[in-house]
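Asker: Structure: entry_37.txt, compact mmCIF, C-alpha atoms.
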```
# COMPACT_ATOMS: atom_id res chain seq x y z
CA MET A 26 -9.72 -4.68 -27.65
CA ILE A 27 -9.10 -2.06 -24.98
CA ILE A 28 -8.40 -3.37 -21.48
CA ARG A 29 -8.76 -1.20 -18.41
CA ASN A 30 -7.82 -2.27 -14.90
CA LYS A 31 -7.58 -0.45 -11.59
CA GLY A 32 -5.55 -0.80 -8.44
CA TYR A 33 -6.95 1.08 -5.46
CA ALA A 34 -5.24 2.88 -2.62
CA ARG A 35 -5.13 1.12 0.73
CA ALA A 36 -4.72 1.96 4.40
CA GLY A 37 -3.11 -0.32 6.94
CA LEU A 38 -5.45 -0.51 9.91
CA ILE A 39 -3.14 -2.30 12.32
CA GLY A 40 0.00 -4.45 12.38
CA ASN A 41 2.07 -2.70 9.74
CA PRO A 42 4.97 -2.84 9.08
CA SER A 43 5.18 -6.41 10.42
CA ASP A 44 3.92 -7.88 7.13
CA GLY A 45 7.46 -7.95 5.78
CA TYR A 46 8.71 -9.85 8.81
CA PHE A 47 6.30 -12.80 9.15
CA GLY A 48 3.85 -10.80 11.25
CA ARG A 49 0.13 -10.06 10.91
CA THR A 50 -1.81 -7.06 9.63
CA ILE A 51 -5.31 -5.85 8.85
CA SER A 52 -5.72 -3.54 5.89
CA VAL A 53 -8.62 -1.85 4.10
CA ILE A 54 -9.01 -0.75 0.49
CA VAL A 55 -9.59 2.95 -0.18
CA ARG A 56 -11.68 3.25 -3.33
CA ASN A 57 -11.57 7.05 -3.17
CA PHE A 58 -8.26 6.87 -5.06
CA ALA A 59 -7.08 4.56 -7.84
CA ALA A 60 -4.39 3.91 -10.42
CA GLU A 61 -5.87 2.94 -13.77
CA VAL A 62 -4.02 1.20 -16.57
CA THR A 63 -5.24 1.13 -20.17
CA LEU A 64 -3.74 -1.51 -22.48
CA TYR A 65 -4.45 -2.20 -26.15
CA GLU A 66 -2.79 -4.12 -28.97
CA SER A 67 -0.31 -2.22 -31.13
CA PRO A 68 2.49 -2.98 -33.63
CA ARG A 69 5.23 -2.27 -31.09
CA LEU A 70 5.39 -2.38 -27.30
CA MET A 71 5.01 1.17 -26.01
CA ILE A 72 4.71 2.69 -22.53
CA VAL A 73 3.09 6.13 -22.49
CA SER A 74 4.41 8.66 -19.98
CA GLN A 75 2.20 10.39 -17.45
CA LYS A 76 2.78 13.90 -16.05
CA SER A 77 4.76 12.58 -13.07
CA ASP A 78 7.24 11.09 -15.56
CA ARG A 79 8.07 14.43 -17.17
CA GLN A 80 11.67 15.28 -18.01
CA GLU A 81 11.31 18.97 -18.86
CA TYR A 82 11.07 21.80 -16.30
CA ILE A 83 10.78 25.58 -16.26
CA ASP A 84 13.84 25.93 -14.04
CA MET A 85 15.59 24.31 -11.07
CA GLU A 86 12.87 25.47 -8.67
CA ASP A 87 10.27 23.71 -10.79
CA LEU A 88 12.38 20.54 -10.77
CA ALA A 89 12.86 20.72 -7.00
CA GLU A 90 9.10 21.16 -6.51
CA ASP A 91 8.42 18.12 -8.69
CA VAL A 92 10.93 16.00 -6.75
CA GLN A 93 9.38 17.11 -3.46
CA VAL A 94 5.98 15.82 -4.57
CA HIS A 95 6.80 12.85 -6.79
CA GLY A 96 10.29 11.78 -5.74
CA TYR A 97 12.81 10.86 -8.39
CA TYR A 98 10.66 8.31 -10.14
CA GLY A 99 7.28 8.20 -11.82
CA GLY A 100 5.30 5.15 -12.86
CA ILE A 101 7.28 4.17 -15.95
CA ARG A 102 9.87 2.12 -14.06
CA LEU A 103 7.07 0.33 -12.20
CA ILE A 104 5.33 -0.64 -15.41
CA LYS A 105 8.56 -1.72 -17.09
CA ALA A 106 9.45 -3.86 -14.09
CA ALA A 107 5.94 -5.38 -13.99
CA ILE A 108 6.13 -6.33 -17.66
CA LYS A 109 9.54 -7.92 -17.10
CA ARG A 110 8.31 -9.92 -14.09
CA PHE A 111 5.20 -11.07 -15.97
CA ARG A 112 7.39 -12.34 -18.80
CA ASP A 113 9.70 -14.11 -16.33
CA TYR A 114 6.76 -15.69 -14.49
CA CYS A 115 5.34 -17.10 -17.72
CA ARG A 116 8.74 -18.54 -18.68
CA ASP A 117 9.33 -20.02 -15.22
CA GLU A 118 5.86 -21.60 -15.17
CA GLN A 119 6.20 -22.72 -18.80
CA ILE A 120 3.12 -20.75 -19.80
CA GLU A 121 2.99 -20.12 -23.52
CA ILE A 122 1.64 -16.71 -24.42
CA PRO A 123 0.79 -15.45 -27.92
CA TRP A 124 3.25 -13.13 -29.63
CA LYS A 125 1.59 -9.74 -29.73
CA ASN A 126 2.55 -6.26 -28.67
CA PHE A 127 0.66 -3.59 -26.82
CA THR A 128 0.61 0.04 -25.78
CA ILE A 129 0.11 0.71 -22.09
CA GLU A 130 -0.68 3.97 -20.36
CA TYR A 131 -1.68 4.86 -16.85
CA THR A 132 -3.27 7.56 -14.74
CA THR A 133 -3.44 7.79 -10.97
CA THR A 134 -5.37 9.82 -8.43
CA ILE A 135 -3.56 8.27 -5.45
CA PRO A 136 -1.64 10.90 -3.47
CA VAL A 137 2.03 10.30 -4.16
CA ARG A 138 4.44 8.87 -1.59
CA VAL A 139 2.21 9.35 1.47
CA GLY A 140 1.85 5.70 2.44
CA LEU A 141 -1.36 4.89 0.54
CA ALA A 142 0.33 2.28 -1.69
CA GLY A 143 0.31 4.27 -4.92
CA SER A 144 3.25 2.38 -6.43
CA SER A 145 1.86 -1.09 -5.80
CA ALA A 146 -1.52 0.07 -7.14
CA ILE A 147 0.12 0.88 -10.49
CA ILE A 148 1.85 -2.50 -10.51
CA THR A 149 -1.36 -4.32 -9.53
CA ALA A 150 -3.35 -2.63 -12.30
CA THR A 151 -0.57 -3.38 -14.81
CA MET A 152 -0.34 -7.04 -13.82
CA ARG A 153 -4.11 -7.48 -14.05
CA ALA A 154 -4.12 -5.92 -17.51
CA LEU A 155 -1.29 -8.18 -18.72
CA LEU A 156 -3.01 -11.28 -17.34
CA GLU A 157 -6.23 -10.36 -19.16
CA PHE A 158 -4.48 -9.39 -22.40
CA TYR A 159 -2.55 -12.67 -22.64
CA GLY A 160 -5.23 -14.91 -21.08
CA VAL A 161 -3.05 -16.03 -18.17
CA THR A 162 -4.46 -17.08 -14.79
CA VAL A 163 -2.52 -16.77 -11.53
CA PRO A 164 -4.03 -18.26 -8.33
CA LYS A 165 -5.43 -15.46 -6.18
CA PRO A 166 -3.21 -16.09 -3.11
CA VAL A 167 -0.13 -16.25 -5.36
CA LEU A 168 -0.79 -13.03 -7.28
CA PRO A 169 0.32 -10.72 -4.39
CA ASN A 170 3.69 -12.53 -4.36
CA LEU A 171 4.14 -11.87 -8.07
CA ILE A 172 3.23 -8.20 -7.64
CA LEU A 173 5.60 -7.84 -4.67
CA SER A 174 8.47 -9.40 -6.63
CA VAL A 175 8.31 -6.47 -9.05
CA GLU A 176 9.58 -4.11 -6.37
CA LEU A 177 11.70 -6.54 -4.38
CA GLU A 178 13.50 -8.37 -7.17
CA GLU A 179 13.41 -5.94 -10.07
CA LEU A 180 13.72 -2.58 -8.32
CA GLY A 181 15.34 -3.47 -4.99
CA ILE A 182 12.67 -1.65 -2.96
CA GLY A 183 12.06 -3.06 0.50
CA ALA A 184 8.37 -3.79 1.02
CA GLY A 185 5.93 -6.36 2.41
CA LEU A 186 2.97 -8.32 1.14
CA GLN A 187 0.23 -6.33 2.87
CA ASP A 188 -0.34 -3.76 0.10
CA ARG A 189 -0.47 -6.35 -2.63
CA VAL A 190 -2.80 -8.67 -0.73
CA ILE A 191 -5.39 -5.98 -0.01
CA GLN A 192 -5.15 -4.63 -3.58
CA VAL A 193 -5.82 -8.12 -4.95
CA TYR A 194 -8.57 -9.09 -2.48
CA GLU A 195 -9.95 -5.56 -1.80
CA GLY A 196 -12.47 -4.87 0.97
CA ALA A 197 -10.97 -5.51 4.41
CA VAL A 198 -8.53 -8.36 5.00
CA TYR A 199 -6.79 -9.94 7.98
CA MET A 200 -3.41 -11.35 6.96
CA ASP A 201 -1.21 -13.82 8.80
CA PHE A 202 2.28 -14.12 7.31
CA ASP A 203 3.45 -16.96 9.54
CA LYS A 204 6.86 -18.08 8.34
CA GLY A 205 6.07 -21.79 8.47
CA ARG A 206 2.87 -21.32 6.48
CA ILE A 207 4.60 -19.21 3.83
CA GLU A 208 7.45 -21.73 3.50
CA ARG A 209 4.91 -24.55 3.17
CA ASP A 210 2.26 -22.94 0.96
CA GLY A 211 4.12 -20.05 -0.65
CA TYR A 212 1.69 -17.49 0.77
CA GLY A 213 0.01 -16.46 4.01
CA LEU A 214 -3.48 -16.83 5.46
CA TYR A 215 -5.76 -14.15 4.01
CA GLU A 216 -9.15 -13.81 5.70
CA GLU A 217 -11.69 -11.40 4.25
CA LEU A 218 -13.48 -9.42 6.96
CA ASP A 219 -16.96 -7.93 6.85
CA PRO A 220 -16.46 -4.16 6.26
CA SER A 221 -19.77 -3.45 8.03
CA LYS A 222 -18.15 -4.63 11.28
CA LEU A 223 -15.39 -2.04 11.08
CA PRO A 224 -15.59 1.06 13.28
CA PRO A 225 -16.09 4.55 11.75
CA LEU A 226 -12.81 5.44 10.04
CA PHE A 227 -11.15 8.40 8.39
CA VAL A 228 -7.90 8.91 6.51
CA ALA A 229 -5.88 12.13 6.68
CA TYR A 230 -2.84 12.86 4.54
CA HIS A 231 -0.41 15.68 3.84
CA ASP A 232 1.33 15.95 0.47
CA ARG A 233 4.35 17.71 2.02
CA LEU A 234 5.06 14.79 4.34
CA ALA A 235 5.80 12.38 1.52
CA GLU A 236 8.27 9.64 2.41
CA GLY A 237 9.06 6.59 0.30
CA THR A 238 8.40 3.18 1.81
CA GLU A 239 12.08 2.30 1.37
CA VAL A 240 12.99 4.86 4.07
CA THR A 241 11.23 2.72 6.67
CA HIS A 242 11.66 -0.78 5.28
CA ASN A 243 15.30 -0.68 4.22
CA ASP A 244 16.46 0.34 7.71
CA LEU A 245 14.07 -1.99 9.52
CA ARG A 246 15.08 -4.87 7.27
CA SER A 247 18.76 -4.54 8.15
CA ARG A 248 17.95 -4.38 11.86
CA PHE A 249 15.66 -7.40 11.56
CA ASN A 250 18.34 -9.33 9.71
CA ARG A 251 20.81 -8.54 12.48
CA GLY A 252 18.36 -9.92 15.02
CA GLU A 253 18.00 -6.67 16.96
CA PRO A 254 16.02 -7.67 20.09
CA ALA A 255 13.84 -4.54 20.14
CA VAL A 256 12.78 -5.06 16.52
CA LEU A 257 12.00 -8.75 17.05
CA ALA A 258 9.96 -7.91 20.16
CA GLY A 259 8.16 -5.15 18.25
CA ILE A 260 7.13 -7.50 15.46
CA LYS A 261 5.85 -9.98 18.04
CA GLU A 262 3.75 -7.26 19.68
CA TRP A 263 2.36 -5.96 16.34
CA THR A 264 1.35 -9.54 15.58
CA ALA A 265 -0.49 -9.86 18.90
CA LEU A 266 -2.24 -6.48 18.48
CA THR A 267 -3.48 -7.53 15.04
CA GLN A 268 -4.88 -10.80 16.34
CA GLN A 269 -6.72 -8.96 19.10
CA ALA A 270 -8.16 -6.48 16.60
CA ARG A 271 -9.25 -9.29 14.26
CA ASP A 272 -11.03 -11.10 17.09
CA LEU A 273 -12.85 -7.94 18.16
CA ILE A 274 -13.95 -7.10 14.62
CA THR A 275 -15.24 -10.58 13.83
CA ALA A 276 -17.12 -10.55 17.15
CA GLY A 277 -18.89 -7.35 16.14
CA ARG A 278 -16.85 -5.24 18.59
CA GLY A 279 -14.88 -3.23 16.06
CA ARG A 280 -15.38 0.01 17.97
CA GLU A 281 -13.09 -1.38 20.69
CA ILE A 282 -9.93 -1.55 18.57
CA GLY A 283 -8.95 2.10 19.03
CA PRO A 284 -6.44 1.59 21.87
CA LEU A 285 -4.81 -1.20 19.83
CA MET A 286 -4.35 1.21 16.91
CA ASN A 287 -2.79 3.80 19.20
CA ARG A 288 -0.41 1.24 20.67
CA GLY A 289 0.56 0.07 17.19
CA PHE A 290 1.76 3.55 16.28
CA ASP A 291 3.38 4.20 19.65
CA LEU A 292 5.39 1.01 19.22
CA ARG A 293 6.43 2.20 15.78
CA LYS A 294 7.62 5.49 17.29
CA GLU A 295 9.75 3.54 19.77
CA LEU A 296 11.51 1.72 16.93
CA ILE A 297 11.55 4.17 14.03
CA LYS A 298 12.26 7.90 13.90
CA ILE A 299 9.08 9.84 13.08
CA SER A 300 9.18 13.37 11.65
CA GLU A 301 7.54 16.24 13.51
CA GLY A 302 5.03 16.74 10.69
CA ASN A 303 3.91 13.12 10.81
CA LEU A 304 3.64 13.26 14.59
CA ARG A 305 1.30 16.25 14.24
CA LEU A 306 -0.92 14.19 11.93
CA ILE A 307 -1.17 11.54 14.64
CA GLU A 308 -1.56 13.89 17.60
CA THR A 309 -4.14 16.16 15.97
CA GLY A 310 -6.68 13.35 15.83
CA ARG A 311 -5.87 12.04 19.30
CA LYS A 312 -6.36 15.46 20.89
CA LEU A 313 -9.89 15.49 19.43
CA GLY A 314 -10.88 12.08 20.75
CA ALA A 315 -9.87 9.87 17.82
CA PHE A 316 -7.49 6.91 17.75
CA THR A 317 -4.78 7.16 15.09
CA GLN A 318 -1.93 5.33 13.47
CA PHE A 319 0.03 5.40 10.21
CA ALA A 320 -1.82 4.17 7.12
CA GLY A 321 1.51 3.11 5.64
CA SER A 322 5.05 4.41 5.71
CA GLY A 323 4.30 8.04 6.55
CA GLY A 324 2.42 11.04 5.19
CA ALA A 325 -1.02 9.55 5.82
CA ILE A 326 -2.77 8.30 8.93
CA ILE A 327 -5.88 6.24 9.50
CA GLY A 328 -8.11 7.18 12.38
CA MET A 329 -11.07 5.76 14.24
CA TYR A 330 -13.72 7.96 15.83
CA ASP A 331 -17.08 7.50 17.55
CA GLY A 332 -19.17 8.01 14.42
CA ASP A 333 -20.53 11.40 15.51
CA PRO A 334 -20.77 13.68 12.43
CA LYS A 335 -19.90 16.67 14.62
CA ARG A 336 -16.66 15.02 15.67
CA LEU A 337 -15.80 14.25 12.06
CA SER A 338 -16.49 17.89 11.20
CA THR A 339 -14.20 19.01 14.02
CA LEU A 340 -11.50 16.61 12.86
CA THR A 341 -11.84 17.82 9.28
CA LYS A 342 -11.44 21.45 10.33
CA ALA A 343 -8.37 20.65 12.43
CA TYR A 344 -6.64 18.73 9.64
CA VAL A 345 -7.43 21.39 7.05
CA GLU A 346 -5.85 23.99 9.36
CA LEU A 347 -2.81 21.71 9.49
CA GLY A 348 -2.62 21.77 5.68
CA ALA A 349 -3.80 18.18 5.39
CA LYS A 350 -6.74 16.59 3.58
CA ILE A 351 -9.21 14.18 5.17
CA ILE A 352 -11.55 11.58 3.66
CA VAL A 353 -13.88 8.84 4.80
CA PRO A 354 -12.54 5.71 3.07
CA GLU A 355 -14.83 3.92 0.63
CA ILE A 356 -14.16 0.28 1.49
CA LYS A 357 -17.10 -1.71 0.10
```
Just give me the structure of the file as structure tokens.
Answerer:
Amino acid sequence: MIIRNKGYARAGLIGNPSDGYFGRTISVIVRNFAAEVTLYESPRLMIVSQKSDRQEYIDMEDLAEDVQVHGYYGGIRLIKAAIKRFRDYCRDEQIEIPWKNFTIEYTTTIPVRVGLAGSSAIITATMRALLEFYGVTVPKPVLPNLILSVELEELGIGAGLQDRVIQVYEGAVYMDFDKGRIERDGYGLYEELDPSKLPPLFVAYHDRLAEGTEVTHNDLRSRFNRGEPAVLAGIKEWTALTQQARDLITAGRGREIGPLMNRGFDLRKELIKISEGNLRLIETGRKLGAFTQFAGSGGAIIGMYDGDPKRLSTLTKAYVELGAKIIVPEIK
């Protein structure tokens, strides 16, 4: 039996990065890009490397180029950590699984380290494959927690639930991570939104602006833990912006959320240092009449425009001149 599972890219529409701090977010799946895991039974447990896991280079320049694009890690550590967490979950929940080994390999088309959740997509696809292979069921609202624990507990990477929730539920989802609810239920409120009520969107990204999520989250986490007033106020405002956006979308007024998206990014800029390259991604769209904000931790932005094909063409030309790529996200 050959098992194949996918985890898609995602773009945070509004509210991020408050998901890691009991805030609220809205996120959309981006089916244009995916990580795919293939798993099949074998005599021994094997993890097959992908090109981003390579250990051999032409010279130091080649190595430096690879690090610039992929960072210091490929997908192998993610898969190893996911397997470990799956095994621990089954033991903790006293779930008996059959003794059998497997070979697992992966491919990904998700642009690396540009805030489109490529790492969590690999973990999500791996976890789904393991669940299917061993016949284990995890409640849908709980599965994002298990996926998040791979990075938080096994790899020490600061992150929030948003990516894992949207990659489990797909489509478009409003998420409320109220602390009391999470402490009571173990997970947040996840409301699936009608994608047809979303405004016209685009995603632009630049491979050279790659920045790991830990750059943002690790610093913000320490400031949050210290109770820094500006950070606490920022999370409160992101939460309010998300609620306003959710109410507009569900009322069929999705085209009115643009100013909320802009404010979400501007608030981020007040709290977190943004590189000049990433600012250009944001400002390029705004100068041409779009509303823009980060899709994740940096390197990619999500924008809203008026739906005019001519405006999209103008935006595309401007981003290509910037060295970036632009897509219309496939959400349904």
Asker: Compile a residue-level contact table for stretch 248-311 of chain A against stretch 323-346 of chain A at a cut-off of 9 Å, reporting for every qualifying residue the shortest atom pair and its distance in Å to one decimal, with only C-alpha atoms counted, rows ordered by chain and ascending number, as CSV.
Answerer:
```
residue,atom,partner,partner_atom,distance
A:Arg280,CA,A:Asp331,CA,7.7
A:Ile282,CA,A:Met329,CA,8.6
A:Gly283,CA,A:Met329,CA,6.4
A:Met286,CA,A:Gly328,CA,8.4
A:Ile299,CA,A:Gly323,CA,8.3
A:Ser300,CA,A:Gly323,CA,8.8
A:Gly302,CA,A:Gly324,CA,8.3
A:Asn303,CA,A:Gly324,CA,6.2
A:Leu306,CA,A:Ile326,CA,6.9
A:Ile307,CA,A:Ile326,CA,6.8
A:Thr309,CA,A:Ala343,CA,7.1
A:Gly310,CA,A:Leu340,CA,6.5
A:Arg311,CA,A:Gly328,CA,8.7
```
Asker: Applying 10 Å and all atoms listed in the file, which residues near stretch 113-123 of chain A remain after dropping the ones on its own chain fewer than 5 positions away? List them as number ranges by chain.
Answerer: A: 107-108, 158-163, 171
Asker: Can you write out the residues you just picked, keeping C-alpha atoms, as a compact mmCIF listing (two decimals), in the frame of the given file?
Answerer:
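Ended up saving to selection-v1.txt:
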```
# COMPACT_ATOMS: atom_id res chain seq x y z
CA ALA A 107 5.94 -5.38 -13.99
CA ILE A 108 6.13 -6.33 -17.66
CA PHE A 158 -4.48 -9.39 -22.40
CA TYR A 159 -2.55 -12.67 -22.64
CA GLY A 160 -5.23 -14.91 -21.08
CA VAL A 161 -3.05 -16.03 -18.17
CA THR A 162 -4.46 -17.08 -14.79
CA VAL A 163 -2.52 -16.77 -11.53
CA LEU A 171 4.14 -11.87 -8.07
```
Asker: Rank nothing, just name the residue among A:Val190, A:Leu177, A:Leu285, A:Leu234 nearest to A:Gly213, using all atoms listed in the file.
Answerer: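 Ranked by minimum distance to A:Gly213, first place goes to A:Val190.
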Asker: Using only C-alpha atoms, pick whichever of A:Ile39, A:Ser322, A:Thr149, A:Leu313 has the shortest atom-to-atom distance to A:Pro284.
Answerer: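 Among the listed residues, A:Ile39 lies closest to A:Pro284.
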Asker: In terms of the shortest atom-to-atom distance over all atoms listed in the file, which of A:Ile129, A:Ala150, A:Leu223, A:Ile27 is closest to A:Leu70?
Answerer: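 Ranking A:Ile129, A:Ala150, A:Leu223, A:Ile27 by distance to A:Leu70, first place goes to A:Ile129.
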Asker: Identify, on the basis of all atoms listed in the file, every residue whose closest approach to stretch 261-270 of chain A does not exceed 7 Å; exclude the query and any residue fewer than 6 positions from it along the same chain; express the result as a VMD selection string.
Answerer: chain A and resid 39 to 40 43 48 to 51 282 285 289
Asker: In Å, how far is it from atom CA of A:Pro220 to atom CA of A:Ala315?
Answerer: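 Taking atom CA of A:Pro220 and atom CA of A:Ala315, their separation equals 19.3 Å.
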Asker: My list of candidates is A:Phe111, A:Tyr199, A:Phe316, A:Tyr65. Which is closest to A:Ser52 when distances are computed with only C-alpha atoms?
Answerer: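 When distances to A:Ser52 are compared using only C-alpha atoms, the smallest one comes from A:Tyr199.
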Asker: Which residue is closest to A:Glu157? Choose from A:Gly252, A:Ala258, A:Ala34, A:Thr63 and count all atoms listed in the file.
Answerer: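 Closest residue, counting all atoms listed in the file: A:Thr63.
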Asker: One decimal, in Å: what's the spacing between atom CA of A:Arg305 and atom CA of A:Leu347?
Answerer: 8.3 Å
Asker: Please determine, counting only C-alpha atoms, which residue among A:Tyr131, A:Tyr82, A:Trp124, A:Tyr230 has the shortest atom-to-atom distance to A:Leu103.
Answerer: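 Nearest to A:Leu103: A:Tyr131.
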Asker: For the atom pair atom CA of A:Val193 and atom CA of A:Met26, what is the interatomic distance in Å to one decimal place?
Answerer: 23.3 Å
